[in-house]
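Here's the structure, in structure tokens; my notes come after.
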Amino acid sequence: MSSMQTSVEAVRKSLVVECSPERAFEVFTREVGSWWPLHEHSIGGEQITEVIWEEQLGGRIYERHADGGEGEWGRVLAWDPPARFVMSWYPGKDDSKATELEVRFTAEGSGTRVDLEHRGWEIFADEGQQTRDNYDNGWPTVLAHFERTLNR
Amino acid sequence: MAYAVALEALGDGTRREIMEQLRRGPRPVGEIAAALPVSRPAVSQHLRVLKEAGLVTERKEGTRRIYGVEQKAIADLRAYFDSFWEQALAGYKAAAERKGRRE
């Protein structure tokens, strides 16, 4: 089997929301718990109580659970409110298997254009004979985490 | 949807363990079975399910069959997130517009 790293196109989404860039940025980050489908798309599922977004470079994005546990989603790689942020994305894994999420906020007319890019899927490519340390953090684990969504 | 079939196949713990082994490199059935508390025929059965779900490839090497990870599964994962963001952003838009109009 080839272990050639092929590039995988980023997931890109754009939309316009009717509010200021400041507000759009704040709702996406600090208030993520108000819109994220937490029970279906999280590590803790029903156990989740809140999502904490540490608003600074290197800050953690993580969820808190009713039993006191935590689950990390990623870390802030660029923090430039209200224009953009970049974060590593590895819910339920460790950062050796992180993809990257960048979201940009630009004033447009009376609202804000939001451009989202989720990239770096190559990280899940077959590791072949490479390092064995991270073998259990690959895409089967990711898929298993999000399995619930399909049962809605 | 390809990813739905893949997720169903991965709903089984033994099959997830097989996938984790294969991620360390392609290998024959015997080697996979040796590391698991299940019989070789059972492993073959699981491999068939994984192959039908598009998660595993099979090739012949002499008289042996070597199993490995199907790279296309990455494309399926990507497609899954594509659809996830589509839905999640609809919720985001509603939240942003409910709570704040542009001053």
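Identifiers for the structure tokens are assigned positionally: chains receive A, B, ... in sequence, residues are indexed from 1 per chain, and ligands are indexed from 1 in the order shown.
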
What are the nearest atom pairs, with distances in Å to one decimal, for all residues of chain B that come at most 9 Å from chain A, using only C-alpha atoms, set out by chain and rising residue number as CSV?
```
residue,atom,partner,partner_atom,distance
B:Tyr3,CA,A:Leu143,CA,8.6
B:Ala4,CA,A:Leu150,CA,7.3
B:Ala6,CA,A:Leu143,CA,8.4
B:Leu7,CA,A:Glu147,CA,6.3
B:Glu8,CA,A:Glu147,CA,8.2
B:Leu10,CA,A:Ala144,CA,6.7
B:Gly11,CA,A:Ala144,CA,7.0
B:Arg16,CA,A:Pro140,CA,6.7
B:Glu17,CA,A:Asp136,CA,8.7
B:Met19,CA,A:Pro140,CA,7.1
B:Glu20,CA,A:Asp136,CA,5.8
B:Gln21,CA,A:Tyr135,CA,7.8
B:Leu22,CA,A:Gly128,CA,8.4
B:Arg23,CA,A:Asp126,CA,5.9
B:Arg24,CA,A:Gly128,CA,5.6
B:Gly25,CA,A:Gly128,CA,4.3
B:Pro26,CA,A:Gly128,CA,7.1
B:Thr57,CA,A:Met1,CA,8.5
B:Arg59,CA,A:Met1,CA,8.6
B:Tyr67,CA,A:Met1,CA,8.9
B:Gly68,CA,A:Met1,CA,6.9
B:Val69,CA,A:Asp126,CA,6.6
B:Glu70,CA,A:Asp126,CA,8.3
B:Gln71,CA,A:Ala125,CA,6.5
B:Ala73,CA,A:Trp139,CA,8.5
B:Ile74,CA,A:Phe124,CA,6.6
B:Ala75,CA,A:Val8,CA,7.3
B:Leu77,CA,A:Leu143,CA,7.5
B:Arg78,CA,A:Trp121,CA,7.1
B:Ala79,CA,A:Val11,CA,8.1
B:Phe81,CA,A:Val11,CA,7.5
B:Asp82,CA,A:Val11,CA,5.7
B:Trp85,CA,A:Lys13,CA,7.5
B:Glu86,CA,A:Lys13,CA,7.3
B:Ala88,CA,A:Trp36,CA,6.3
B:Leu89,CA,A:Leu15,CA,8.2
B:Ala90,CA,A:Trp35,CA,8.9
B:Gly91,CA,A:Trp35,CA,5.3
B:Tyr92,CA,A:Trp35,CA,5.3
B:Lys93,CA,A:Val17,CA,5.7
B:Ala94,CA,A:Trp35,CA,8.1
B:Ala95,CA,A:Trp35,CA,6.1
B:Ala96,CA,A:Val27,CA,5.9
B:Glu97,CA,A:Glu18,CA,5.6
B:Lys99,CA,A:Arg23,CA,8.5
B:Gly100,CA,A:Cys19,CA,5.9
B:Arg101,CA,A:Cys19,CA,4.7
B:Arg102,CA,A:Cys19,CA,4.1
B:Glu103,CA,A:Ser20,CA,7.2
```

Legend entry - From B:Thr14, B:Gln87, B:Asp76, B:Arg27, residue lying nearest Gly54 (chain B) [only C-alpha atoms]: B:Asp76

Legend entry - Residue nearest His39 (chain A) among A:Glu102, A:Glu54, A:Glu63, A:Glu70 (counting only C-alpha atoms): A:Glu63

Inset, instruction - Enter the distance from CA of Arg104 (chain A) to CA of Tyr80 (chain B), in Å, rounded to one decimal. - result: 21.9 Å

Inset, instruction - Step one, run DSSP on the backbone; step two, keep only residues of region 44-86 of chain A assigned to strand (DSSP E); then write them as an MDAnalysis selection string. - result: chainID A and resid 48:53 60:65 70:80 84:86

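For the pair CA of Val49 (chain B) and CA of Ala35 (chain B), the interatomic distance is 18.9 Å.
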
Legend entry - Residue set, chain B restricted to alpha helix (DSSP H), as a PyMOL selection string: chain B and resi 2-9+13-23+29-34+40-52+72-99

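Nearest residue to Pro37 (chain B) among B:Ser83, B:Ile18, B:Val5, B:Ile66 is B:Ile18, counting only C-alpha atoms.
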
Legend entry - Using only C-alpha atoms: which of A:Gly45, A:Thr29, A:Ala66, A:Arg60 has the shortest distance to Tyr90 (chain A): A:Arg60

Legend entry - Shell around Gly58 (chain A) at 7 Å using only C-alpha atoms, local window under 4 positions removed, as a list in words: Arg75, Val76 and Leu77 of chain A

Selected residues, N, CA and C atoms, written as a PDB file, in the first residue's frame, please.
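Printed below is again_6.pdb as written:
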```
ATOM      1  N   ARG A  75      -6.554  24.152  20.443  1.00  0.00           N
ATOM      2  CA  ARG A  75      -5.866  25.321  21.000  1.00  0.00           C
ATOM      3  C   ARG A  75      -5.877  26.480  20.030  1.00  0.00           C
ATOM      4  N   VAL A  76      -5.831  27.676  20.576  1.00  0.00           N
ATOM      5  CA  VAL A  76      -5.840  28.881  19.750  1.00  0.00           C
ATOM      6  C   VAL A  76      -4.464  29.077  19.106  1.00  0.00           C
ATOM      7  N   LEU A  77      -4.429  29.109  17.780  1.00  0.00           N
ATOM      8  CA  LEU A  77      -3.165  29.278  17.045  1.00  0.00           C
ATOM      9  C   LEU A  77      -3.002  30.707  16.536  1.00  0.00           C
TER      10      LEU A  77
END
```
